[in-house]
file protein_17.pdb (PDB, C-alpha atoms)
ATOM      1  CA  MET K   1      27.833 -42.303 -36.905  1.00  0.00           C
ATOM      2  CA  LEU K   2      26.858 -38.901 -38.334  1.00  0.00           C
ATOM      3  CA  VAL K   3      23.141 -39.804 -38.311  1.00  0.00           C
ATOM      4  CA  SER K   4      23.400 -41.108 -34.737  1.00  0.00           C
ATOM      5  CA  GLY K   5      25.072 -37.867 -33.648  1.00  0.00           C
ATOM      6  CA  ILE K   6      22.304 -35.776 -35.201  1.00  0.00           C
ATOM      7  CA  VAL K   7      19.579 -37.858 -33.511  1.00  0.00           C
ATOM      8  CA  ILE K   8      21.303 -37.601 -30.117  1.00  0.00           C
ATOM      9  CA  GLY K   9      21.759 -33.854 -30.540  1.00  0.00           C
ATOM     10  CA  LEU K  10      18.111 -33.315 -31.461  1.00  0.00           C
ATOM     11  CA  THR K  11      16.965 -35.440 -28.513  1.00  0.00           C
ATOM     12  CA  ALA K  12      19.080 -33.386 -26.110  1.00  0.00           C
ATOM     13  CA  PHE K  13      17.690 -30.162 -27.603  1.00  0.00           C
ATOM     14  CA  ILE K  14      14.080 -31.328 -27.072  1.00  0.00           C
ATOM     15  CA  ILE K  15      14.630 -32.522 -23.490  1.00  0.00           C
ATOM     16  CA  ALA K  16      16.737 -29.571 -22.322  1.00  0.00           C
ATOM     17  CA  PRO K  17      13.937 -27.003 -21.778  1.00  0.00           C
ATOM     18  CA  PHE K  18      12.175 -29.320 -19.348  1.00  0.00           C
ATOM     19  CA  PHE K  19      15.031 -30.545 -17.153  1.00  0.00           C
ATOM     20  CA  TYR K  20      18.348 -29.347 -15.890  1.00  0.00           C
ATOM     21  CA  SER K  21      21.052 -31.183 -13.998  1.00  0.00           C
ATOM     22  CA  ASP K  22      21.929 -30.017 -10.494  1.00  0.00           C
ATOM     23  CA  ASN K  23      25.695 -30.453 -10.381  1.00  0.00           C
ATOM     24  CA  SER K  24      25.679 -30.274  -6.587  1.00  0.00           C
ATOM     25  CA  ASP K  25      23.698 -33.508  -6.458  1.00  0.00           C
ATOM     26  CA  THR K  26      26.083 -36.428  -6.805  1.00  0.00           C
ATOM     27  CA  SER K  27      23.216 -38.668  -7.891  1.00  0.00           C
ATOM     28  CA  LYS K  28      22.831 -36.502 -11.050  1.00  0.00           C
ATOM     29  CA  LYS K  29      19.077 -36.562 -10.591  1.00  0.00           C
ATOM     30  CA  LEU K  30      17.084 -34.747 -13.260  1.00  0.00           C
ATOM     31  CA  ILE K  31      15.105 -31.922 -11.669  1.00  0.00           C
ATOM     32  CA  PRO K  32      12.007 -30.300 -13.260  1.00  0.00           C
ATOM     33  CA  THR K  33      12.440 -26.673 -14.236  1.00  0.00           C
ATOM     34  CA  GLN K  34      10.256 -23.969 -12.678  1.00  0.00           C
ATOM     35  CA  SER K  35       7.796 -24.075 -15.571  1.00  0.00           C
ATOM     36  CA  ALA K  36       7.294 -27.828 -15.103  1.00  0.00           C
ATOM     37  CA  LYS K  37       6.870 -27.576 -11.307  1.00  0.00           C
ATOM     38  CA  SER K  38       4.417 -24.695 -11.451  1.00  0.00           C
ATOM     39  CA  ARG K  39       1.690 -26.674 -13.196  1.00  0.00           C
ATOM     40  CA  TYR K  40       0.568 -27.915  -9.786  1.00  0.00           C
ATOM     41  CA  PRO K  41       2.049 -25.356  -7.350  1.00  0.00           C
ATOM     42  CA  PHE K  42       3.122 -26.365  -3.855  1.00  0.00           C
ATOM     43  CA  GLY K  43       1.963 -24.364  -0.846  1.00  0.00           C
ATOM     44  CA  ILE K  44       1.567 -24.424   2.916  1.00  0.00           C
ATOM     45  CA  ASP K  45      -1.116 -23.376   5.332  1.00  0.00           C
ATOM     46  CA  ILE K  46      -0.207 -21.975   8.722  1.00  0.00           C
ATOM     47  CA  SER K  47      -1.544 -20.402  11.905  1.00  0.00           C
ATOM     48  CA  GLU K  48      -0.179 -19.041  15.163  1.00  0.00           C
ATOM     49  CA  HIS K  49       0.605 -22.646  16.122  1.00  0.00           C
ATOM     50  CA  GLN K  50       3.660 -22.437  13.838  1.00  0.00           C
ATOM     51  CA  GLY K  51       5.020 -19.589  15.967  1.00  0.00           C
ATOM     52  CA  ILE K  52       7.105 -16.779  14.478  1.00  0.00           C
ATOM     53  CA  ILE K  53       8.116 -17.806  10.980  1.00  0.00           C
ATOM     54  CA  ASP K  54      11.332 -16.750   9.239  1.00  0.00           C
ATOM     55  CA  TRP K  55       9.788 -15.942   5.878  1.00  0.00           C
ATOM     56  CA  LEU K  56      13.136 -15.266   4.209  1.00  0.00           C
ATOM     57  CA  GLN K  57      14.141 -18.863   4.928  1.00  0.00           C
ATOM     58  CA  VAL K  58      10.783 -20.113   3.667  1.00  0.00           C
ATOM     59  CA  LYS K  59      11.359 -18.176   0.444  1.00  0.00           C
ATOM     60  CA  ASP K  60      14.712 -19.903  -0.009  1.00  0.00           C
ATOM     61  CA  SER K  61      13.428 -23.362   0.923  1.00  0.00           C
ATOM     62  CA  TYR K  62      14.053 -26.195  -1.529  1.00  0.00           C
ATOM     63  CA  HIS K  63      10.297 -26.841  -1.451  1.00  0.00           C
ATOM     64  CA  ASP K  64       9.680 -23.899  -3.795  1.00  0.00           C
ATOM     65  CA  VAL K  65       6.688 -22.630  -1.800  1.00  0.00           C
ATOM     66  CA  GLU K  66       4.438 -20.684  -4.161  1.00  0.00           C
ATOM     67  CA  PHE K  67       1.371 -20.024  -2.017  1.00  0.00           C
ATOM     68  CA  VAL K  68       0.693 -19.567   1.688  1.00  0.00           C
ATOM     69  CA  ILE K  69      -2.783 -19.767   3.212  1.00  0.00           C
ATOM     70  CA  MET K  70      -2.949 -18.488   6.771  1.00  0.00           C
ATOM     71  CA  ARG K  71      -5.545 -18.446   9.517  1.00  0.00           C
ATOM     72  CA  SER K  72      -6.930 -14.979  10.093  1.00  0.00           C
ATOM     73  CA  SER K  73      -9.916 -15.425  12.380  1.00  0.00           C
ATOM     74  CA  MET K  74     -11.913 -17.943  14.372  1.00  0.00           C
ATOM     75  CA  GLY K  75     -15.583 -17.937  15.287  1.00  0.00           C
ATOM     76  CA  ILE K  76     -17.358 -14.724  16.185  1.00  0.00           C
ATOM     77  CA  ASP K  77     -14.416 -12.913  17.787  1.00  0.00           C
ATOM     78  CA  GLY K  78     -11.172 -14.904  17.513  1.00  0.00           C
ATOM     79  CA  LYS K  79      -8.072 -13.447  15.849  1.00  0.00           C
ATOM     80  CA  ASP K  80      -4.910 -15.327  14.943  1.00  0.00           C
ATOM     81  CA  LYS K  81      -2.189 -13.481  16.831  1.00  0.00           C
ATOM     82  CA  PHE K  82       0.390 -13.746  14.039  1.00  0.00           C
ATOM     83  CA  PHE K  83      -1.959 -13.087  11.121  1.00  0.00           C
ATOM     84  CA  GLU K  84      -0.980  -9.473  10.484  1.00  0.00           C
ATOM     85  CA  ARG K  85       2.714 -10.325  10.582  1.00  0.00           C
ATOM     86  CA  ASN K  86       2.303 -13.304   8.239  1.00  0.00           C
ATOM     87  CA  TRP K  87      -0.008 -11.383   5.914  1.00  0.00           C
ATOM     88  CA  SER K  88       2.497  -8.540   5.561  1.00  0.00           C
ATOM     89  CA  TYR K  89       5.653 -10.628   5.110  1.00  0.00           C
ATOM     90  CA  THR K  90       4.168 -12.986   2.532  1.00  0.00           C
ATOM     91  CA  LYS K  91       3.057 -10.009   0.441  1.00  0.00           C
ATOM     92  CA  GLN K  92       6.486  -8.347   0.627  1.00  0.00           C
ATOM     93  CA  LEU K  93       8.247 -11.543  -0.442  1.00  0.00           C
ATOM     94  CA  GLY K  94       5.983 -12.267  -3.383  1.00  0.00           C
ATOM     95  CA  PHE K  95       4.100 -15.360  -2.239  1.00  0.00           C
ATOM     96  CA  ILE K  96       0.561 -15.895  -3.427  1.00  0.00           C
ATOM     97  CA  ARG K  97      -1.218 -15.437  -0.108  1.00  0.00           C
ATOM     98  CA  GLY K  98      -4.616 -16.477   1.180  1.00  0.00           C
ATOM     99  CA  ALA K  99      -6.610 -16.153   4.401  1.00  0.00           C
ATOM    100  CA  TYR K 100      -8.944 -18.635   6.043  1.00  0.00           C
ATOM    101  CA  HIS K 101     -11.583 -18.363   8.736  1.00  0.00           C
ATOM    102  CA  TYR K 102     -11.911 -21.241  11.198  1.00  0.00           C
ATOM    103  CA  TYR K 103     -15.630 -21.979  11.481  1.00  0.00           C
ATOM    104  CA  ARG K 104     -17.080 -22.642  14.921  1.00  0.00           C
ATOM    105  CA  PRO K 105     -20.266 -24.617  14.223  1.00  0.00           C
ATOM    106  CA  ASN K 106     -22.139 -23.545  17.367  1.00  0.00           C
ATOM    107  CA  GLU K 107     -21.657 -19.804  16.831  1.00  0.00           C
ATOM    108  CA  ASP K 108     -23.656 -17.469  14.596  1.00  0.00           C
ATOM    109  CA  ALA K 109     -22.493 -17.747  10.964  1.00  0.00           C
ATOM    110  CA  GLU K 110     -23.171 -14.111  10.039  1.00  0.00           C
ATOM    111  CA  THR K 111     -21.285 -12.757  13.041  1.00  0.00           C
ATOM    112  CA  GLN K 112     -18.404 -15.085  12.175  1.00  0.00           C
ATOM    113  CA  PHE K 113     -18.348 -13.734   8.642  1.00  0.00           C
ATOM    114  CA  TYR K 114     -18.108 -10.139   9.807  1.00  0.00           C
ATOM    115  CA  ASN K 115     -15.287 -11.089  12.156  1.00  0.00           C
ATOM    116  CA  PHE K 116     -13.436 -12.348   9.066  1.00  0.00           C
ATOM    117  CA  VAL K 117     -14.232  -9.193   7.070  1.00  0.00           C
ATOM    118  CA  ARG K 118     -12.925  -6.955   9.843  1.00  0.00           C
ATOM    119  CA  THR K 119      -9.670  -8.931   9.966  1.00  0.00           C
ATOM    120  CA  VAL K 120      -8.642  -9.297   6.315  1.00  0.00           C
ATOM    121  CA  ALA K 121      -8.144  -6.718   3.561  1.00  0.00           C
ATOM    122  CA  PHE K 122      -7.668  -8.531   0.259  1.00  0.00           C
ATOM    123  CA  GLU K 123      -5.587  -7.129  -2.594  1.00  0.00           C
ATOM    124  CA  LYS K 124      -5.038  -8.017  -6.224  1.00  0.00           C
ATOM    125  CA  GLY K 125      -3.280 -11.378  -6.507  1.00  0.00           C
ATOM    126  CA  ASP K 126      -4.570 -12.760  -3.188  1.00  0.00           C
ATOM    127  CA  LEU K 127      -6.392 -16.079  -3.134  1.00  0.00           C
ATOM    128  CA  PHE K 128     -10.154 -16.069  -2.679  1.00  0.00           C
ATOM    129  CA  PRO K 129     -11.438 -16.299   0.929  1.00  0.00           C
ATOM    130  CA  VAL K 130     -11.379 -19.731   2.553  1.00  0.00           C
ATOM    131  CA  LEU K 131     -13.768 -21.224   5.131  1.00  0.00           C
ATOM    132  CA  ASP K 132     -12.294 -24.029   7.252  1.00  0.00           C
ATOM    133  CA  VAL K 133     -15.007 -26.437   8.457  1.00  0.00           C
ATOM    134  CA  GLU K 134     -13.913 -29.411  10.553  1.00  0.00           C
ATOM    135  CA  LYS K 135     -16.362 -29.897  13.434  1.00  0.00           C
ATOM    136  CA  PRO K 136     -20.009 -31.007  13.647  1.00  0.00           C
ATOM    137  CA  SER K 137     -22.627 -28.845  15.308  1.00  0.00           C
ATOM    138  CA  ARG K 138     -24.239 -29.935  18.571  1.00  0.00           C
ATOM    139  CA  GLU K 139     -27.478 -28.722  16.953  1.00  0.00           C
ATOM    140  CA  GLY K 140     -27.158 -31.327  14.218  1.00  0.00           C
ATOM    141  CA  ASN K 141     -26.073 -31.522  10.592  1.00  0.00           C
ATOM    142  CA  GLU K 142     -28.858 -29.311   9.245  1.00  0.00           C
ATOM    143  CA  HIS K 143     -27.749 -26.481  11.518  1.00  0.00           C
ATOM    144  CA  LEU K 144     -24.146 -26.919  10.378  1.00  0.00           C
ATOM    145  CA  VAL K 145     -25.023 -26.949   6.680  1.00  0.00           C
ATOM    146  CA  THR K 146     -27.288 -23.905   6.999  1.00  0.00           C
ATOM    147  CA  GLY K 147     -24.564 -21.924   8.750  1.00  0.00           C
ATOM    148  CA  VAL K 148     -21.804 -22.925   6.346  1.00  0.00           C
ATOM    149  CA  ASN K 149     -23.940 -22.013   3.335  1.00  0.00           C
ATOM    150  CA  LYS K 150     -24.800 -18.669   4.909  1.00  0.00           C
ATOM    151  CA  TRP K 151     -21.123 -17.801   5.511  1.00  0.00           C
ATOM    152  CA  LEU K 152     -20.112 -18.777   1.987  1.00  0.00           C
ATOM    153  CA  LYS K 153     -22.965 -16.883   0.329  1.00  0.00           C
ATOM    154  CA  LEU K 154     -22.256 -13.775   2.403  1.00  0.00           C
ATOM    155  CA  ALA K 155     -18.622 -13.975   1.283  1.00  0.00           C
ATOM    156  CA  GLU K 156     -19.613 -14.426  -2.351  1.00  0.00           C
ATOM    157  CA  LYS K 157     -21.878 -11.390  -2.225  1.00  0.00           C
ATOM    158  CA  HIS K 158     -19.400  -9.217  -0.308  1.00  0.00           C
ATOM    159  CA  PHE K 159     -16.243 -10.045  -2.286  1.00  0.00           C
ATOM    160  CA  GLY K 160     -17.782 -10.851  -5.670  1.00  0.00           C
ATOM    161  CA  VAL K 161     -15.935 -14.185  -5.951  1.00  0.00           C
ATOM    162  CA  LYS K 162     -16.569 -17.823  -5.059  1.00  0.00           C
ATOM    163  CA  PRO K 163     -15.010 -18.524  -1.645  1.00  0.00           C
ATOM    164  CA  ILE K 164     -13.228 -21.841  -1.108  1.00  0.00           C
ATOM    165  CA  LEU K 165     -14.488 -24.516   1.297  1.00  0.00           C
ATOM    166  CA  TYR K 166     -11.863 -26.508   3.226  1.00  0.00           C
ATOM    167  CA  SER K 167     -12.554 -29.763   5.054  1.00  0.00           C
ATOM    168  CA  TYR K 168     -11.217 -33.251   5.716  1.00  0.00           C
ATOM    169  CA  LYS K 169     -12.238 -35.972   3.281  1.00  0.00           C
ATOM    170  CA  ASP K 170     -14.317 -38.091   5.683  1.00  0.00           C
ATOM    171  CA  PHE K 171     -15.959 -35.096   7.354  1.00  0.00           C
ATOM    172  CA  TYR K 172     -16.738 -33.532   3.990  1.00  0.00           C
ATOM    173  CA  ASN K 173     -18.326 -36.746   2.695  1.00  0.00           C
ATOM    174  CA  GLU K 174     -20.362 -37.316   5.853  1.00  0.00           C
ATOM    175  CA  GLN K 175     -21.472 -33.755   6.622  1.00  0.00           C
ATOM    176  CA  LEU K 176     -21.174 -31.459   3.612  1.00  0.00           C
ATOM    177  CA  ASN K 177     -20.962 -33.303   0.297  1.00  0.00           C
ATOM    178  CA  GLY K 178     -24.056 -32.612  -1.801  1.00  0.00           C
ATOM    179  CA  LYS K 179     -25.359 -30.136   0.782  1.00  0.00           C
ATOM    180  CA  VAL K 180     -22.891 -27.308   0.248  1.00  0.00           C
ATOM    181  CA  GLN K 181     -22.582 -26.850  -3.499  1.00  0.00           C
ATOM    182  CA  GLY K 182     -21.277 -24.381  -6.035  1.00  0.00           C
ATOM    183  CA  PHE K 183     -18.023 -23.500  -4.268  1.00  0.00           C
ATOM    184  CA  PRO K 184     -14.439 -24.645  -4.932  1.00  0.00           C
ATOM    185  CA  VAL K 185     -13.281 -27.325  -2.501  1.00  0.00           C
ATOM    186  CA  TRP K 186      -9.930 -27.753  -0.736  1.00  0.00           C
ATOM    187  CA  ILE K 187      -9.759 -31.273   0.654  1.00  0.00           C
ATOM    188  CA  ALA K 188      -7.463 -32.771   3.292  1.00  0.00           C
ATOM    189  CA  ALA K 189      -6.552 -36.444   2.870  1.00  0.00           C
ATOM    190  CA  TYR K 190      -3.212 -37.750   4.076  1.00  0.00           C
ATOM    191  CA  THR K 191      -3.172 -41.472   3.296  1.00  0.00           C
ATOM    192  CA  GLU K 192      -0.917 -42.215   0.341  1.00  0.00           C
ATOM    193  CA  GLY K 193      -2.931 -43.321  -2.654  1.00  0.00           C
ATOM    194  CA  THR K 194      -6.189 -41.868  -1.314  1.00  0.00           C
ATOM    195  CA  ASN K 195      -8.774 -41.811  -4.086  1.00  0.00           C
ATOM    196  CA  LEU K 196     -10.225 -38.330  -4.385  1.00  0.00           C
ATOM    197  CA  ALA K 197     -11.756 -38.890  -7.814  1.00  0.00           C
ATOM    198  CA  MET K 198     -15.296 -38.644  -6.424  1.00  0.00           C
ATOM    199  CA  ILE K 199     -14.667 -35.245  -4.833  1.00  0.00           C
ATOM    200  CA  GLU K 200     -14.240 -32.359  -7.233  1.00  0.00           C
ATOM    201  CA  HIS K 201     -11.521 -30.252  -5.613  1.00  0.00           C
ATOM    202  CA  VAL K 202      -8.994 -27.560  -6.516  1.00  0.00           C
ATOM    203  CA  PHE K 203      -6.540 -27.939  -3.613  1.00  0.00           C
ATOM    204  CA  HIS K 204      -5.331 -31.097  -1.880  1.00  0.00           C
ATOM    205  CA  GLN K 205      -3.760 -30.969   1.582  1.00  0.00           C
ATOM    206  CA  TYR K 206      -1.776 -34.205   1.433  1.00  0.00           C
ATOM    207  CA  SER K 207       0.293 -33.955   4.622  1.00  0.00           C
ATOM    208  CA  ASP K 208       0.214 -32.322   8.042  1.00  0.00           C
ATOM    209  CA  SER K 209       3.846 -33.056   8.875  1.00  0.00           C
ATOM    210  CA  GLU K 210       6.048 -31.352   6.289  1.00  0.00           C
ATOM    211  CA  ARG K 211       9.344 -29.772   7.317  1.00  0.00           C
ATOM    212  CA  VAL K 212       9.970 -26.390   5.683  1.00  0.00           C
ATOM    213  CA  SER K 213      12.961 -24.128   6.257  1.00  0.00           C
ATOM    214  CA  GLY K 214      12.155 -21.185   8.512  1.00  0.00           C
ATOM    215  CA  ILE K 215       9.299 -22.920  10.354  1.00  0.00           C
ATOM    216  CA  ARG K 216      10.088 -24.590  13.673  1.00  0.00           C
ATOM    217  CA  THR K 217       7.080 -26.913  13.699  1.00  0.00           C
ATOM    218  CA  ARG K 218       5.804 -29.367  11.155  1.00  0.00           C
ATOM    219  CA  VAL K 219       3.414 -27.766   8.685  1.00  0.00           C
ATOM    220  CA  ASP K 220       0.555 -28.687   6.353  1.00  0.00           C
ATOM    221  CA  ALA K 221       1.571 -29.349   2.741  1.00  0.00           C
ATOM    222  CA  ASN K 222      -0.717 -28.671  -0.218  1.00  0.00           C
ATOM    223  CA  ARG K 223      -0.911 -28.889  -3.974  1.00  0.00           C
ATOM    224  CA  PHE K 224      -3.101 -26.913  -6.328  1.00  0.00           C
ATOM    225  CA  THR K 225      -4.824 -29.650  -8.323  1.00  0.00           C
ATOM    226  CA  ASP K 226      -7.230 -28.062 -10.822  1.00  0.00           C
ATOM    227  CA  SER K 227      -6.173 -29.410 -14.206  1.00  0.00           C
ATOM    228  CA  THR K 228      -8.397 -27.016 -16.179  1.00  0.00           C
ATOM    229  CA  LYS K 229      -7.332 -23.701 -14.610  1.00  0.00           C
ATOM    230  CA  THR K 230      -4.290 -22.054 -13.077  1.00  0.00           C
ATOM    231  CA  ILE K 231      -4.019 -20.948  -9.467  1.00  0.00           C
ATOM    232  CA  GLU K 232      -4.365 -17.356 -10.665  1.00  0.00           C
ATOM    233  CA  ASN K 233      -7.963 -18.164 -11.626  1.00  0.00           C
ATOM    234  CA  TYR K 234      -8.634 -18.398  -7.879  1.00  0.00           C
ATOM    235  CA  CYS K 235      -7.038 -15.039  -7.104  1.00  0.00           C
ATOM    236  CA  PHE K 236      -8.464 -11.523  -7.009  1.00  0.00           C
ATOM    237  CA  ASN K 237      -7.741  -9.481 -10.127  1.00  0.00           C
TER     238      ASN K 237
END
call {"tool": "encode", "arguments": {"input": "protein_17.pdb", "output": "structure tokens"}}
result
Amino acid sequence: MLVSGIVIGLTAFIIAPFFYSDNSDTSKKLIPTQSAKSRYPFGIDISEHQGIIDWLQVKDSYHDVEFVIMRSSMGIDGKDKFFERNWSYTKQLGFIRGAYHYYRPNEDAETQFYNFVRTVAFEKGDLFPVLDVEKPSREGNEHLVTGVNKWLKLAEKHFGVKPILYSYKDFYNEQLNGKVQGFPVWIAAYTEGTNLAMIEHVFHQYSDSERVSGIRTRVDANRFTDSTKTIENYCFN
């Protein structure tokens, strides 16, 4: 009995740092501690389509939102009408924040880049710039690829970091894979069990219909997925 008690005690001591019991949950489910959850941080991406967000409620959400990537600009002259508000509040409340530009494939890539630059002022701790590419060009795939590469290379030169390319899995495979190279990829794929092993990526948008406290609409849900680095490796320092 004494030996059994020692073994049980040691087992409890080893397990304790990784899990704690939430007494408010009658199911007594074991819940990962913050250190365990943070290995692959959860985040959301938003735009003006989510309306005015109550960021205090988001901060207190059970989702444990760690990063927020928000639309800042679109095409050569578009501005997200809630960007400044979202950019300010997320900084004040300690989220890791990021900004993305929505790429319009039939507009000049360089002019689009400077629209982004005029809109966003990055600070230490912010995620690297993101380019959102979802639509083909009426001028053909070569025109699209040339423009996307131009935007990304301008961003790399201007900011001194590797910008992140966002796209949907099928669109990425059909239009961009192997043609836009050397940049971190954020991939959207919503089907459960989707095999992304053939696409090297650092973020996965796995849902477009998450419910998060403080946001009236459904919202995109994401995980940081790079197993060799931390999310801070993709932030300005």
call {"tool": "atom_distance", "arguments": {"input": "protein_17.pdb", "atom1": "atom CA of K:His201", "atom2": "atom CA of K:Thr228"}}
result
11.5 Å
call {"tool": "residues_around", "arguments": {"input": "protein_17.pdb", "residues": "K:Val180", "least_positions_apart": "3", "cutoff": "8 Å", "atoms": "all atoms listed in the file", "output": "number ranges by chain"}}
result
K: 145, 148-149, 176-177, 183
call {"tool": "closest_residue", "arguments": {"input": "protein_17.pdb", "among": "K:Glu107, K:Ala221, K:Pro184, K:Val120", "to": "K:Glu139", "atoms": "only C-alpha atoms"}}
result
K:Glu107
call {"tool": "atom_distance", "arguments": {"input": "protein_17.pdb", "atom1": "atom CA of K:Ser88", "atom2": "atom CA of K:Thr119"}}
result
12.9 Å
call {"tool": "atom_distance", "arguments": {"input": "protein_17.pdb", "atom1": "atom CA of K:Gln112", "atom2": "atom CA of K:Ile69"}}
result
18.6 Å
call {"tool": "resolve_selection", "arguments": {"input": "protein_17.pdb", "expression": "the PyMOL selection byres ((chain K and resi 48) around 7)", "output": "JSON, numbers by chain"}}
result
{"K": [47, 49, 50, 51, 80, 81, 82]}
call {"tool": "residues_around", "arguments": {"input": "protein_17.pdb", "residues": "K:Asp108", "least_positions_apart": "2", "cutoff": "12 Å", "atoms": "only C-alpha atoms", "output": "PyMOL selection string"}}
result
chain K and resi 74-77+103-106+110-115+137+143-144+146-148+150-151
call {"tool": "closest_residue", "arguments": {"input": "protein_17.pdb", "among": "K:Glu84, K:Asp220, K:Asp132, K:Asp208", "to": "K:Val65", "atoms": "only C-alpha atoms"}}
result
K:Asp220
call {"tool": "build_atoms", "arguments": {"input": "protein_17.pdb", "residues": "stretch 70-82 of chain K", "atoms": "N, CA and C atoms", "output": "PDB file, in the coordinates of the input"}}
result
ATOM      1  N   MET K  70      -3.141 -18.659   5.329  1.00  0.00           N
ATOM      2  CA  MET K  70      -2.949 -18.488   6.771  1.00  0.00           C
ATOM      3  C   MET K  70      -4.267 -18.228   7.476  1.00  0.00           C
ATOM      4  N   ARG K  71      -4.347 -18.701   8.723  1.00  0.00           N
ATOM      5  CA  ARG K  71      -5.545 -18.446   9.517  1.00  0.00           C
ATOM      6  C   ARG K  71      -5.591 -16.974   9.900  1.00  0.00           C
ATOM      7  N   SER K  72      -6.758 -16.383   9.733  1.00  0.00           N
ATOM      8  CA  SER K  72      -6.930 -14.979  10.093  1.00  0.00           C
ATOM      9  C   SER K  72      -7.833 -14.818  11.303  1.00  0.00           C
ATOM     10  N   SER K  73      -8.887 -15.627  11.367  1.00  0.00           N
ATOM     11  CA  SER K  73      -9.916 -15.425  12.380  1.00  0.00           C
ATOM     12  C   SER K  73     -10.580 -16.743  12.724  1.00  0.00           C
ATOM     13  N   MET K  74     -11.246 -16.738  13.885  1.00  0.00           N
ATOM     14  CA  MET K  74     -11.913 -17.943  14.372  1.00  0.00           C
ATOM     15  C   MET K  74     -13.228 -17.530  15.028  1.00  0.00           C
ATOM     16  N   GLY K  75     -14.309 -18.190  14.634  1.00  0.00           N
ATOM     17  CA  GLY K  75     -15.583 -17.937  15.287  1.00  0.00           C
ATOM     18  C   GLY K  75     -16.022 -16.489  15.200  1.00  0.00           C
ATOM     19  N   ILE K  76     -16.772 -16.060  16.224  1.00  0.00           N
ATOM     20  CA  ILE K  76     -17.358 -14.724  16.185  1.00  0.00           C
ATOM     21  C   ILE K  76     -16.391 -13.618  16.602  1.00  0.00           C
ATOM     22  N   ASP K  77     -15.288 -13.974  17.279  1.00  0.00           N
ATOM     23  CA  ASP K  77     -14.416 -12.913  17.787  1.00  0.00           C
ATOM     24  C   ASP K  77     -12.938 -13.297  17.859  1.00  0.00           C
ATOM     25  N   GLY K  78     -12.563 -14.479  17.421  1.00  0.00           N
ATOM     26  CA  GLY K  78     -11.172 -14.904  17.513  1.00  0.00           C
ATOM     27  C   GLY K  78     -10.299 -14.293  16.424  1.00  0.00           C
ATOM     28  N   LYS K  79      -9.063 -13.974  16.787  1.00  0.00           N
ATOM     29  CA  LYS K  79      -8.072 -13.447  15.849  1.00  0.00           C
ATOM     30  C   LYS K  79      -6.791 -14.271  15.998  1.00  0.00           C
ATOM     31  N   ASP K  80      -6.202 -14.657  14.887  1.00  0.00           N
ATOM     32  CA  ASP K  80      -4.910 -15.327  14.943  1.00  0.00           C
ATOM     33  C   ASP K  80      -3.845 -14.295  15.273  1.00  0.00           C
ATOM     34  N   LYS K  81      -3.074 -14.531  16.316  1.00  0.00           N
ATOM     35  CA  LYS K  81      -2.189 -13.481  16.831  1.00  0.00           C
ATOM     36  C   LYS K  81      -1.020 -13.156  15.909  1.00  0.00           C
ATOM     37  N   PHE K  82      -0.696 -14.044  14.962  1.00  0.00           N
ATOM     38  CA  PHE K  82       0.390 -13.746  14.039  1.00  0.00           C
ATOM     39  C   PHE K  82      -0.108 -13.443  12.623  1.00  0.00           C
TER      40      PHE K  82
END
